[in-house]
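Okay, structure-v3.cif is below, mmCIF, N, CA and C atoms:
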data_work
loop_
_atom_site.label_atom_id
_atom_site.label_comp_id
_atom_site.auth_asym_id
_atom_site.auth_seq_id
_atom_site.Cartn_x
_atom_site.Cartn_y
_atom_site.Cartn_z
N MET I 19 3.35 -22.44 -45.41
CA MET I 19 1.97 -22.22 -45.05
C MET I 19 1.89 -21.08 -44.02
N GLU I 20 1.07 -20.10 -44.28
CA GLU I 20 0.94 -18.96 -43.39
C GLU I 20 -0.18 -19.21 -42.39
N MET I 21 0.09 -18.93 -41.12
CA MET I 21 -0.92 -19.14 -40.09
C MET I 21 -1.64 -17.83 -39.81
N ASP I 22 -2.95 -17.90 -39.69
CA ASP I 22 -3.74 -16.72 -39.34
C ASP I 22 -3.71 -16.54 -37.83
N LYS I 23 -3.79 -15.29 -37.40
CA LYS I 23 -3.86 -15.03 -35.96
C LYS I 23 -5.22 -15.47 -35.45
N GLU I 24 -5.23 -16.18 -34.35
CA GLU I 24 -6.47 -16.66 -33.77
C GLU I 24 -7.17 -15.60 -32.92
N PHE I 25 -6.46 -14.56 -32.59
CA PHE I 25 -7.04 -13.54 -31.72
C PHE I 25 -6.57 -12.16 -32.15
N GLU I 26 -7.35 -11.18 -31.82
CA GLU I 26 -6.99 -9.79 -32.08
C GLU I 26 -5.98 -9.35 -31.03
N GLU I 27 -5.22 -8.35 -31.35
CA GLU I 27 -4.23 -7.84 -30.41
C GLU I 27 -4.90 -7.32 -29.14
N ASN I 28 -6.10 -6.78 -29.24
CA ASN I 28 -6.80 -6.23 -28.08
C ASN I 28 -7.41 -7.29 -27.17
N ASP I 29 -7.43 -8.55 -27.60
CA ASP I 29 -8.02 -9.60 -26.78
C ASP I 29 -7.16 -9.94 -25.55
N PHE I 30 -5.89 -9.63 -25.62
CA PHE I 30 -4.99 -9.98 -24.53
C PHE I 30 -4.17 -8.75 -24.18
N GLN I 31 -4.26 -8.33 -22.94
CA GLN I 31 -3.50 -7.17 -22.52
C GLN I 31 -2.61 -7.58 -21.36
N GLU I 32 -1.36 -7.24 -21.47
CA GLU I 32 -0.40 -7.57 -20.42
C GLU I 32 -0.21 -6.36 -19.52
N TYR I 33 -0.18 -6.58 -18.22
CA TYR I 33 -0.04 -5.50 -17.26
C TYR I 33 1.27 -5.62 -16.51
N VAL I 34 1.79 -4.47 -16.11
CA VAL I 34 2.91 -4.44 -15.18
C VAL I 34 2.32 -4.75 -13.82
N THR I 35 2.99 -5.58 -13.03
CA THR I 35 2.45 -5.97 -11.73
C THR I 35 3.40 -5.60 -10.60
N PHE I 36 2.85 -5.57 -9.41
CA PHE I 36 3.65 -5.37 -8.19
C PHE I 36 2.98 -6.14 -7.07
N THR I 37 3.72 -6.39 -6.02
CA THR I 37 3.21 -7.16 -4.88
C THR I 37 3.16 -6.27 -3.65
N VAL I 38 2.07 -6.36 -2.91
CA VAL I 38 1.94 -5.64 -1.64
C VAL I 38 1.65 -6.66 -0.54
N THR I 39 2.00 -6.28 0.67
CA THR I 39 1.72 -7.13 1.83
C THR I 39 0.53 -6.55 2.58
N THR I 40 -0.49 -7.37 2.80
CA THR I 40 -1.69 -6.92 3.50
C THR I 40 -1.43 -6.82 4.99
N LYS I 41 -2.39 -6.25 5.72
CA LYS I 41 -2.27 -6.11 7.17
C LYS I 41 -2.06 -7.45 7.87
N ASP I 42 -2.66 -8.53 7.31
CA ASP I 42 -2.53 -9.85 7.93
C ASP I 42 -1.30 -10.62 7.44
N GLY I 43 -0.42 -9.94 6.68
CA GLY I 43 0.84 -10.56 6.27
C GLY I 43 0.82 -11.32 4.96
N ASN I 44 -0.32 -11.37 4.28
CA ASN I 44 -0.39 -12.06 2.99
C ASN I 44 0.13 -11.16 1.88
N GLU I 45 0.78 -11.77 0.89
CA GLU I 45 1.23 -11.02 -0.27
C GLU I 45 0.17 -11.11 -1.36
N VAL I 46 -0.13 -9.97 -1.97
CA VAL I 46 -1.16 -9.88 -3.01
C VAL I 46 -0.53 -9.23 -4.24
N GLU I 47 -0.76 -9.86 -5.41
CA GLU I 47 -0.25 -9.30 -6.64
C GLU I 47 -1.29 -8.36 -7.24
N MET I 48 -0.83 -7.19 -7.65
CA MET I 48 -1.71 -6.19 -8.23
C MET I 48 -1.18 -5.76 -9.59
N ALA I 49 -2.09 -5.31 -10.44
CA ALA I 49 -1.73 -4.81 -11.76
C ALA I 49 -1.78 -3.29 -11.75
N VAL I 50 -0.82 -2.67 -12.41
CA VAL I 50 -0.83 -1.22 -12.57
C VAL I 50 -1.84 -0.89 -13.67
N VAL I 51 -2.89 -0.15 -13.31
CA VAL I 51 -3.88 0.23 -14.30
C VAL I 51 -3.74 1.70 -14.71
N ASP I 52 -2.99 2.46 -13.93
CA ASP I 52 -2.73 3.85 -14.28
C ASP I 52 -1.59 4.38 -13.41
N GLU I 53 -1.01 5.48 -13.83
CA GLU I 53 0.01 6.15 -13.04
C GLU I 53 -0.05 7.63 -13.34
N PHE I 54 0.35 8.44 -12.35
CA PHE I 54 0.27 9.88 -12.51
C PHE I 54 1.18 10.57 -11.50
N ASP I 55 1.43 11.85 -11.74
CA ASP I 55 2.23 12.67 -10.82
C ASP I 55 1.32 13.67 -10.13
N PHE I 56 1.59 13.93 -8.86
CA PHE I 56 0.85 14.92 -8.09
C PHE I 56 1.80 15.53 -7.06
N LYS I 57 1.91 16.85 -7.07
CA LYS I 57 2.79 17.57 -6.14
C LYS I 57 4.20 16.98 -6.13
N ASN I 58 4.76 16.80 -7.31
CA ASN I 58 6.13 16.32 -7.50
C ASN I 58 6.39 14.91 -6.97
N LYS I 59 5.35 14.12 -6.81
CA LYS I 59 5.49 12.72 -6.41
C LYS I 59 4.79 11.86 -7.45
N HIS I 60 5.26 10.62 -7.61
CA HIS I 60 4.68 9.71 -8.59
C HIS I 60 3.80 8.69 -7.87
N TYR I 61 2.65 8.39 -8.45
CA TYR I 61 1.70 7.45 -7.87
C TYR I 61 1.27 6.42 -8.91
N VAL I 62 0.92 5.23 -8.43
CA VAL I 62 0.35 4.21 -9.31
C VAL I 62 -1.02 3.82 -8.77
N VAL I 63 -1.90 3.46 -9.69
CA VAL I 63 -3.22 2.96 -9.33
C VAL I 63 -3.19 1.47 -9.63
N GLY I 64 -3.45 0.66 -8.61
CA GLY I 64 -3.40 -0.79 -8.77
C GLY I 64 -4.75 -1.43 -8.58
N ALA I 65 -4.93 -2.57 -9.24
CA ALA I 65 -6.17 -3.35 -9.10
C ALA I 65 -5.78 -4.80 -8.84
N LEU I 66 -6.61 -5.50 -8.09
CA LEU I 66 -6.35 -6.90 -7.78
C LEU I 66 -6.42 -7.77 -9.03
N ILE I 67 -5.56 -8.76 -9.08
CA ILE I 67 -5.55 -9.71 -10.20
C ILE I 67 -6.34 -10.94 -9.75
N GLU I 68 -7.29 -11.33 -10.58
CA GLU I 68 -8.10 -12.52 -10.30
C GLU I 68 -8.02 -13.45 -11.50
N GLY I 69 -7.22 -14.48 -11.39
CA GLY I 69 -7.01 -15.39 -12.52
C GLY I 69 -6.21 -14.69 -13.59
N ASP I 70 -6.77 -14.60 -14.79
CA ASP I 70 -6.11 -13.92 -15.91
C ASP I 70 -6.66 -12.52 -16.15
N THR I 71 -7.50 -12.03 -15.24
CA THR I 71 -8.09 -10.71 -15.43
C THR I 71 -7.82 -9.85 -14.20
N ILE I 72 -8.09 -8.56 -14.36
CA ILE I 72 -7.97 -7.68 -13.21
C ILE I 72 -9.35 -7.23 -12.78
N ASN I 73 -9.50 -6.99 -11.49
CA ASN I 73 -10.77 -6.56 -10.93
C ASN I 73 -10.69 -5.05 -10.71
N GLU I 74 -11.34 -4.29 -11.59
CA GLU I 74 -11.29 -2.84 -11.50
C GLU I 74 -12.38 -2.28 -10.59
N ASP I 75 -13.11 -3.16 -9.89
CA ASP I 75 -14.15 -2.69 -8.97
C ASP I 75 -13.54 -1.97 -7.78
N GLY I 76 -12.39 -2.43 -7.32
CA GLY I 76 -11.70 -1.80 -6.21
C GLY I 76 -10.28 -1.49 -6.63
N MET I 77 -9.96 -0.21 -6.72
CA MET I 77 -8.61 0.17 -7.11
C MET I 77 -7.95 0.90 -5.95
N TYR I 78 -6.64 0.81 -5.88
CA TYR I 78 -5.88 1.35 -4.77
C TYR I 78 -4.76 2.24 -5.30
N ILE I 79 -4.47 3.33 -4.58
CA ILE I 79 -3.41 4.24 -4.99
C ILE I 79 -2.23 4.07 -4.04
N TYR I 80 -1.03 3.99 -4.62
CA TYR I 80 0.21 3.86 -3.86
C TYR I 80 1.22 4.88 -4.35
N LYS I 81 2.10 5.34 -3.44
CA LYS I 81 3.26 6.12 -3.86
C LYS I 81 4.15 5.18 -4.64
N SER I 82 4.81 5.72 -5.64
CA SER I 82 5.71 4.90 -6.46
C SER I 82 7.08 5.55 -6.49
N VAL I 83 8.10 4.75 -6.28
CA VAL I 83 9.48 5.22 -6.36
C VAL I 83 10.13 4.49 -7.53
N ILE I 84 10.52 5.26 -8.55
CA ILE I 84 11.11 4.68 -9.75
C ILE I 84 12.62 4.68 -9.62
N LYS I 85 13.22 3.51 -9.87
CA LYS I 85 14.67 3.35 -9.83
C LYS I 85 15.09 2.66 -11.12
N GLY I 86 15.54 3.46 -12.11
CA GLY I 86 15.91 2.89 -13.40
C GLY I 86 14.70 2.33 -14.10
N ASP I 87 14.77 1.04 -14.47
CA ASP I 87 13.64 0.39 -15.14
C ASP I 87 12.68 -0.26 -14.16
N ASP I 88 12.96 -0.17 -12.87
CA ASP I 88 12.15 -0.84 -11.85
C ASP I 88 11.46 0.21 -10.97
N PHE I 89 10.50 -0.24 -10.18
CA PHE I 89 9.83 0.66 -9.25
C PHE I 89 9.39 -0.12 -8.02
N THR I 90 9.20 0.61 -6.94
CA THR I 90 8.63 0.04 -5.72
C THR I 90 7.41 0.89 -5.34
N VAL I 91 6.52 0.31 -4.56
CA VAL I 91 5.35 1.05 -4.11
C VAL I 91 5.37 1.14 -2.59
N GLU I 92 4.78 2.21 -2.10
CA GLU I 92 4.66 2.43 -0.66
C GLU I 92 3.23 2.83 -0.36
N LYS I 93 2.71 2.34 0.74
CA LYS I 93 1.37 2.72 1.18
C LYS I 93 1.37 4.20 1.56
N ILE I 94 0.29 4.88 1.26
CA ILE I 94 0.13 6.28 1.68
C ILE I 94 -0.44 6.26 3.09
N ASN I 95 0.37 6.62 4.07
CA ASN I 95 -0.04 6.49 5.47
C ASN I 95 -0.88 7.65 5.98
N SER I 96 -0.75 8.80 5.36
CA SER I 96 -1.50 9.98 5.80
C SER I 96 -2.88 9.99 5.15
N GLU I 97 -3.92 10.05 5.96
CA GLU I 97 -5.29 10.08 5.44
C GLU I 97 -5.52 11.36 4.62
N VAL I 98 -4.95 12.47 5.07
CA VAL I 98 -5.09 13.74 4.37
C VAL I 98 -4.43 13.64 2.99
N GLU I 99 -3.21 13.11 2.95
CA GLU I 99 -2.51 12.97 1.66
C GLU I 99 -3.29 12.04 0.73
N TYR I 100 -3.79 10.92 1.27
CA TYR I 100 -4.53 9.97 0.43
C TYR I 100 -5.76 10.64 -0.19
N LYS I 101 -6.51 11.41 0.61
CA LYS I 101 -7.70 12.09 0.09
C LYS I 101 -7.32 13.08 -1.00
N GLN I 102 -6.24 13.84 -0.80
CA GLN I 102 -5.80 14.81 -1.80
C GLN I 102 -5.41 14.11 -3.10
N VAL I 103 -4.66 13.02 -2.98
CA VAL I 103 -4.19 12.28 -4.15
C VAL I 103 -5.38 11.65 -4.87
N ALA I 104 -6.31 11.06 -4.13
CA ALA I 104 -7.48 10.43 -4.74
C ALA I 104 -8.33 11.47 -5.48
N GLU I 105 -8.52 12.63 -4.87
CA GLU I 105 -9.30 13.69 -5.52
C GLU I 105 -8.60 14.16 -6.80
N ALA I 106 -7.28 14.31 -6.74
CA ALA I 106 -6.51 14.72 -7.92
C ALA I 106 -6.64 13.67 -9.04
N TYR I 107 -6.59 12.40 -8.66
CA TYR I 107 -6.71 11.33 -9.67
C TYR I 107 -8.10 11.34 -10.31
N LEU I 108 -9.13 11.53 -9.51
CA LEU I 108 -10.49 11.56 -10.06
C LEU I 108 -10.68 12.71 -11.05
N LYS I 109 -10.01 13.83 -10.80
CA LYS I 109 -10.09 14.96 -11.72
C LYS I 109 -9.36 14.67 -13.03
N LEU I 110 -8.31 13.83 -12.96
CA LEU I 110 -7.55 13.47 -14.16
C LEU I 110 -8.30 12.49 -15.05
N SER I 111 -9.07 11.61 -14.44
CA SER I 111 -9.72 10.55 -15.23
C SER I 111 -11.10 10.90 -15.71
#

Please express the file's structure as C-alpha cells.
Amino acid sequence: MEMDKEFEENDFQEYVTFTVTTKDGNEVEMAVVDEFDFKNKHYVVGALIEGDTINEDGMYIYKSVIKGDDFTVEKINSEVEYKQVAEAYLKLS
C-alpha cells in the first residue's frame, strides 16, 4: 500500500541554527536566514526562533567564522562596521 504525502515539501523548512549569549547571560537560539560576504569577511543574518517558526520581524547580523562544516558567530562590536555591513546587506536584498 502506497502512502500519500500529507504535506508539501514547502510546508516545512529546516534552518541551520546557532546560539548567542545575551547581555544578561541568557542563551538564545537563532536561525540563519541569510548569509553573505562583505569586504572579505563572512556574515550571517539570524532571526529569533519562536516555537517551530522564526520571527523575521527583528533580524540580527553577526560575523561568521567557518571552520570545515561548522561555523561560529561573533558580535560586531564596531558601530561603524555594523552600519556598513547592514547597508551592504540591504543593497543585496

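Of the residues in chain I, those that DSSP places in alpha helix (DSSP H) on the basis of the backbone are Glu97, Val98, Glu99, Tyr100, Lys101, Gln102, Val103, Ala104, Glu105, Ala106, Tyr107, Leu108, Lys109 and Leu110 of chain I.
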
*Written as number ranges by chain, which residues does the PyMOL selection byres ((chain I and resi 33-50) around 7) give for the file shown?*
I: 31-32, 51-53, 62-67, 72

_Restricting the calculation to all atoms listed in the file: of I:Ser111, I:Tyr80, I:Asp75, I:His60, which residue gets closest to Ile94 in chain I?_
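Closest candidate: I:Tyr80.
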
*Of the candidates I:Leu108, I:Thr71, I:Lys81, I:Asp55, which one gets nearest to Asn95 in chain I if we count only N, CA and C atoms?*
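So, comparing all the options, the nearest one is I:Lys81.
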
Strand (DSSP E or B) positions in chain I, given as a PDB file with N, CA and C atoms, in the coordinates of the input:
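Saved the output as selection07.pdb:
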ATOM      1  N   THR I  35       2.990  -5.580 -13.030  1.00  0.00           N
ATOM      2  CA  THR I  35       2.450  -5.970 -11.730  1.00  0.00           C
ATOM      3  C   THR I  35       3.400  -5.600 -10.600  1.00  0.00           C
ATOM      4  N   PHE I  36       2.850  -5.570  -9.410  1.00  0.00           N
ATOM      5  CA  PHE I  36       3.650  -5.370  -8.190  1.00  0.00           C
ATOM      6  C   PHE I  36       2.980  -6.140  -7.070  1.00  0.00           C
ATOM      7  N   THR I  37       3.720  -6.390  -6.020  1.00  0.00           N
ATOM      8  CA  THR I  37       3.210  -7.160  -4.880  1.00  0.00           C
ATOM      9  C   THR I  37       3.160  -6.270  -3.650  1.00  0.00           C
ATOM     10  N   VAL I  38       2.070  -6.360  -2.910  1.00  0.00           N
ATOM     11  CA  VAL I  38       1.940  -5.640  -1.640  1.00  0.00           C
ATOM     12  C   VAL I  38       1.650  -6.660  -0.540  1.00  0.00           C
ATOM     13  N   THR I  39       2.000  -6.280   0.670  1.00  0.00           N
ATOM     14  CA  THR I  39       1.720  -7.130   1.830  1.00  0.00           C
ATOM     15  C   THR I  39       0.530  -6.550   2.580  1.00  0.00           C
ATOM     16  N   GLU I  45       0.780 -11.770   0.890  1.00  0.00           N
ATOM     17  CA  GLU I  45       1.230 -11.020  -0.270  1.00  0.00           C
ATOM     18  C   GLU I  45       0.170 -11.110  -1.360  1.00  0.00           C
ATOM     19  N   VAL I  46      -0.130  -9.970  -1.970  1.00  0.00           N
ATOM     20  CA  VAL I  46      -1.160  -9.880  -3.010  1.00  0.00           C
ATOM     21  C   VAL I  46      -0.530  -9.230  -4.240  1.00  0.00           C
ATOM     22  N   GLU I  47      -0.760  -9.860  -5.410  1.00  0.00           N
ATOM     23  CA  GLU I  47      -0.250  -9.300  -6.640  1.00  0.00           C
ATOM     24  C   GLU I  47      -1.290  -8.360  -7.240  1.00  0.00           C
ATOM     25  N   MET I  48      -0.830  -7.190  -7.650  1.00  0.00           N
ATOM     26  CA  MET I  48      -1.710  -6.190  -8.230  1.00  0.00           C
ATOM     27  C   MET I  48      -1.180  -5.760  -9.590  1.00  0.00           C
ATOM     28  N   ALA I  49      -2.090  -5.310 -10.440  1.00  0.00           N
ATOM     29  CA  ALA I  49      -1.730  -4.810 -11.760  1.00  0.00           C
ATOM     30  C   ALA I  49      -1.780  -3.290 -11.750  1.00  0.00           C
ATOM     31  N   VAL I  50      -0.820  -2.670 -12.410  1.00  0.00           N
ATOM     32  CA  VAL I  50      -0.830  -1.220 -12.570  1.00  0.00           C
ATOM     33  C   VAL I  50      -1.840  -0.890 -13.670  1.00  0.00           C
ATOM     34  N   VAL I  51      -2.890  -0.150 -13.310  1.00  0.00           N
ATOM     35  CA  VAL I  51      -3.880   0.230 -14.300  1.00  0.00           C
ATOM     36  C   VAL I  51      -3.740   1.700 -14.710  1.00  0.00           C
ATOM     37  N   ASP I  52      -2.990   2.460 -13.930  1.00  0.00           N
ATOM     38  CA  ASP I  52      -2.730   3.850 -14.280  1.00  0.00           C
ATOM     39  C   ASP I  52      -1.590   4.380 -13.410  1.00  0.00           C
ATOM     40  N   GLU I  53      -1.010   5.480 -13.830  1.00  0.00           N
ATOM     41  CA  GLU I  53       0.010   6.150 -13.040  1.00  0.00           C
ATOM     42  C   GLU I  53      -0.050   7.630 -13.340  1.00  0.00           C
ATOM     43  N   PHE I  54       0.350   8.440 -12.350  1.00  0.00           N
ATOM     44  CA  PHE I  54       0.270   9.880 -12.510  1.00  0.00           C
ATOM     45  C   PHE I  54       1.180  10.570 -11.500  1.00  0.00           C
ATOM     46  N   ASP I  55       1.430  11.850 -11.740  1.00  0.00           N
ATOM     47  CA  ASP I  55       2.230  12.670 -10.820  1.00  0.00           C
ATOM     48  C   ASP I  55       1.320  13.670 -10.130  1.00  0.00           C
ATOM     49  N   PHE I  56       1.590  13.930  -8.860  1.00  0.00           N
ATOM     50  CA  PHE I  56       0.850  14.920  -8.090  1.00  0.00           C
ATOM     51  C   PHE I  56       1.800  15.530  -7.060  1.00  0.00           C
ATOM     52  N   LYS I  59       5.350  14.120  -6.810  1.00  0.00           N
ATOM     53  CA  LYS I  59       5.490  12.720  -6.410  1.00  0.00           C
ATOM     54  C   LYS I  59       4.790  11.860  -7.450  1.00  0.00           C
ATOM     55  N   HIS I  60       5.260  10.620  -7.610  1.00  0.00           N
ATOM     56  CA  HIS I  60       4.680   9.710  -8.590  1.00  0.00           C
ATOM     57  C   HIS I  60       3.800   8.690  -7.870  1.00  0.00           C
ATOM     58  N   TYR I  61       2.650   8.390  -8.450  1.00  0.00           N
ATOM     59  CA  TYR I  61       1.700   7.450  -7.870  1.00  0.00           C
ATOM     60  C   TYR I  61       1.270   6.420  -8.910  1.00  0.00           C
ATOM     61  N   VAL I  62       0.920   5.230  -8.430  1.00  0.00           N
ATOM     62  CA  VAL I  62       0.350   4.210  -9.310  1.00  0.00           C
ATOM     63  C   VAL I  62      -1.020   3.820  -8.770  1.00  0.00           C
ATOM     64  N   VAL I  63      -1.900   3.460  -9.690  1.00  0.00           N
ATOM     65  CA  VAL I  63      -3.220   2.960  -9.330  1.00  0.00           C
ATOM     66  C   VAL I  63      -3.190   1.470  -9.630  1.00  0.00           C
ATOM     67  N   GLY I  64      -3.450   0.660  -8.610  1.00  0.00           N
ATOM     68  CA  GLY I  64      -3.400  -0.790  -8.770  1.00  0.00           C
ATOM     69  C   GLY I  64      -4.750  -1.430  -8.580  1.00  0.00           C
ATOM     70  N   ALA I  65      -4.930  -2.570  -9.240  1.00  0.00           N
ATOM     71  CA  ALA I  65      -6.170  -3.350  -9.100  1.00  0.00           C
ATOM     72  C   ALA I  65      -5.780  -4.800  -8.840  1.00  0.00           C
ATOM     73  N   LEU I  66      -6.610  -5.500  -8.090  1.00  0.00           N
ATOM     74  CA  LEU I  66      -6.350  -6.900  -7.780  1.00  0.00           C
ATOM     75  C   LEU I  66      -6.420  -7.770  -9.030  1.00  0.00           C
ATOM     76  N   ILE I  67      -5.560  -8.760  -9.080  1.00  0.00           N
ATOM     77  CA  ILE I  67      -5.550  -9.710 -10.200  1.00  0.00           C
ATOM     78  C   ILE I  67      -6.340 -10.940  -9.750  1.00  0.00           C
ATOM     79  N   GLU I  68      -7.290 -11.330 -10.580  1.00  0.00           N
ATOM     80  CA  GLU I  68      -8.100 -12.520 -10.300  1.00  0.00           C
ATOM     81  C   GLU I  68      -8.020 -13.450 -11.500  1.00  0.00           C
ATOM     82  N   THR I  71      -7.500 -12.030 -15.240  1.00  0.00           N
ATOM     83  CA  THR I  71      -8.090 -10.710 -15.430  1.00  0.00           C
ATOM     84  C   THR I  71      -7.820  -9.850 -14.200  1.00  0.00           C
ATOM     85  N   ILE I  72      -8.090  -8.560 -14.360  1.00  0.00           N
ATOM     86  CA  ILE I  72      -7.970  -7.680 -13.210  1.00  0.00           C
ATOM     87  C   ILE I  72      -9.350  -7.230 -12.780  1.00  0.00           C
ATOM     88  N   ASN I  73      -9.500  -6.990 -11.490  1.00  0.00           N
ATOM     89  CA  ASN I  73     -10.770  -6.560 -10.930  1.00  0.00           C
ATOM     90  C   ASN I  73     -10.690  -5.050 -10.710  1.00  0.00           C
ATOM     91  N   GLU I  74     -11.340  -4.290 -11.590  1.00  0.00           N
ATOM     92  CA  GLU I  74     -11.290  -2.840 -11.500  1.00  0.00           C
ATOM     93  C   GLU I  74     -12.380  -2.280 -10.590  1.00  0.00           C
ATOM     94  N   ASP I  75     -13.110  -3.160  -9.890  1.00  0.00           N
ATOM     95  CA  ASP I  75     -14.150  -2.690  -8.970  1.00  0.00           C
ATOM     96  C   ASP I  75     -13.540  -1.970  -7.780  1.00  0.00           C
ATOM     97  N   GLY I  76     -12.390  -2.430  -7.320  1.00  0.00           N
ATOM     98  CA  GLY I  76     -11.700  -1.800  -6.210  1.00  0.00           C
ATOM     99  C   GLY I  76     -10.280  -1.490  -6.630  1.00  0.00           C
ATOM    100  N   MET I  77      -9.960  -0.210  -6.720  1.00  0.00           N
ATOM    101  CA  MET I  77      -8.610   0.170  -7.110  1.00  0.00           C
ATOM    102  C   MET I  77      -7.950   0.900  -5.950  1.00  0.00           C
ATOM    103  N   TYR I  78      -6.640   0.810  -5.880  1.00  0.00           N
ATOM    104  CA  TYR I  78      -5.880   1.350  -4.770  1.00  0.00           C
ATOM    105  C   TYR I  78      -4.760   2.240  -5.300  1.00  0.00           C
ATOM    106  N   ILE I  79      -4.470   3.330  -4.580  1.00  0.00           N
ATOM    107  CA  ILE I  79      -3.410   4.240  -4.990  1.00  0.00           C
ATOM    108  C   ILE I  79      -2.230   4.070  -4.040  1.00  0.00           C
ATOM    109  N   TYR I  80      -1.030   3.990  -4.620  1.00  0.00           N
ATOM    110  CA  TYR I  80       0.210   3.860  -3.860  1.00  0.00           C
ATOM    111  C   TYR I  80       1.220   4.880  -4.350  1.00  0.00           C
ATOM    112  N   LYS I  81       2.100   5.340  -3.440  1.00  0.00           N
ATOM    113  CA  LYS I  81       3.260   6.120  -3.860  1.00  0.00           C
ATOM    114  C   LYS I  81       4.150   5.180  -4.640  1.00  0.00           C
ATOM    115  N   SER I  82       4.810   5.720  -5.640  1.00  0.00           N
ATOM    116  CA  SER I  82       5.710   4.900  -6.460  1.00  0.00           C
ATOM    117  C   SER I  82       7.080   5.550  -6.490  1.00  0.00           C
ATOM    118  N   VAL I  83       8.100   4.750  -6.280  1.00  0.00           N
ATOM    119  CA  VAL I  83       9.480   5.220  -6.360  1.00  0.00           C
ATOM    120  C   VAL I  83      10.130   4.490  -7.530  1.00  0.00           C
ATOM    121  N   ILE I  84      10.520   5.260  -8.550  1.00  0.00           N
ATOM    122  CA  ILE I  84      11.110   4.680  -9.750  1.00  0.00           C
ATOM    123  C   ILE I  84      12.620   4.680  -9.620  1.00  0.00           C
ATOM    124  N   LYS I  85      13.220   3.510  -9.870  1.00  0.00           N
ATOM    125  CA  LYS I  85      14.670   3.350  -9.830  1.00  0.00           C
ATOM    126  C   LYS I  85      15.090   2.660 -11.120  1.00  0.00           C
ATOM    127  N   ASP I  88      12.960  -0.170 -12.870  1.00  0.00           N
ATOM    128  CA  ASP I  88      12.150  -0.840 -11.850  1.00  0.00           C
ATOM    129  C   ASP I  88      11.460   0.210 -10.970  1.00  0.00           C
ATOM    130  N   PHE I  89      10.500  -0.240 -10.180  1.00  0.00           N
ATOM    131  CA  PHE I  89       9.830   0.660  -9.250  1.00  0.00           C
ATOM    132  C   PHE I  89       9.390  -0.120  -8.020  1.00  0.00           C
ATOM    133  N   THR I  90       9.200   0.610  -6.940  1.00  0.00           N
ATOM    134  CA  THR I  90       8.630   0.040  -5.720  1.00  0.00           C
ATOM    135  C   THR I  90       7.410   0.890  -5.340  1.00  0.00           C
ATOM    136  N   VAL I  91       6.520   0.310  -4.560  1.00  0.00           N
ATOM    137  CA  VAL I  91       5.350   1.050  -4.110  1.00  0.00           C
ATOM    138  C   VAL I  91       5.370   1.140  -2.590  1.00  0.00           C
ATOM    139  N   GLU I  92       4.780   2.210  -2.100  1.00  0.00           N
ATOM    140  CA  GLU I  92       4.660   2.430  -0.660  1.00  0.00           C
ATOM    141  C   GLU I  92       3.230   2.830  -0.360  1.00  0.00           C
TER     142      GLU I  92
END

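Between atom N of Val83 in chain I and atom C of Tyr61 in chain I the separation is 7.5 Å.
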
_Interatomic distance, CA of Ile79 in chain I to CA of Tyr107 in chain I (Å, one decimal)_ = 9.1 Å

_If I take atom N of Gly69 in chain I and CA of Lys109 in chain I, how far is one from the other in Å, to one decimal?_
29.6 Å
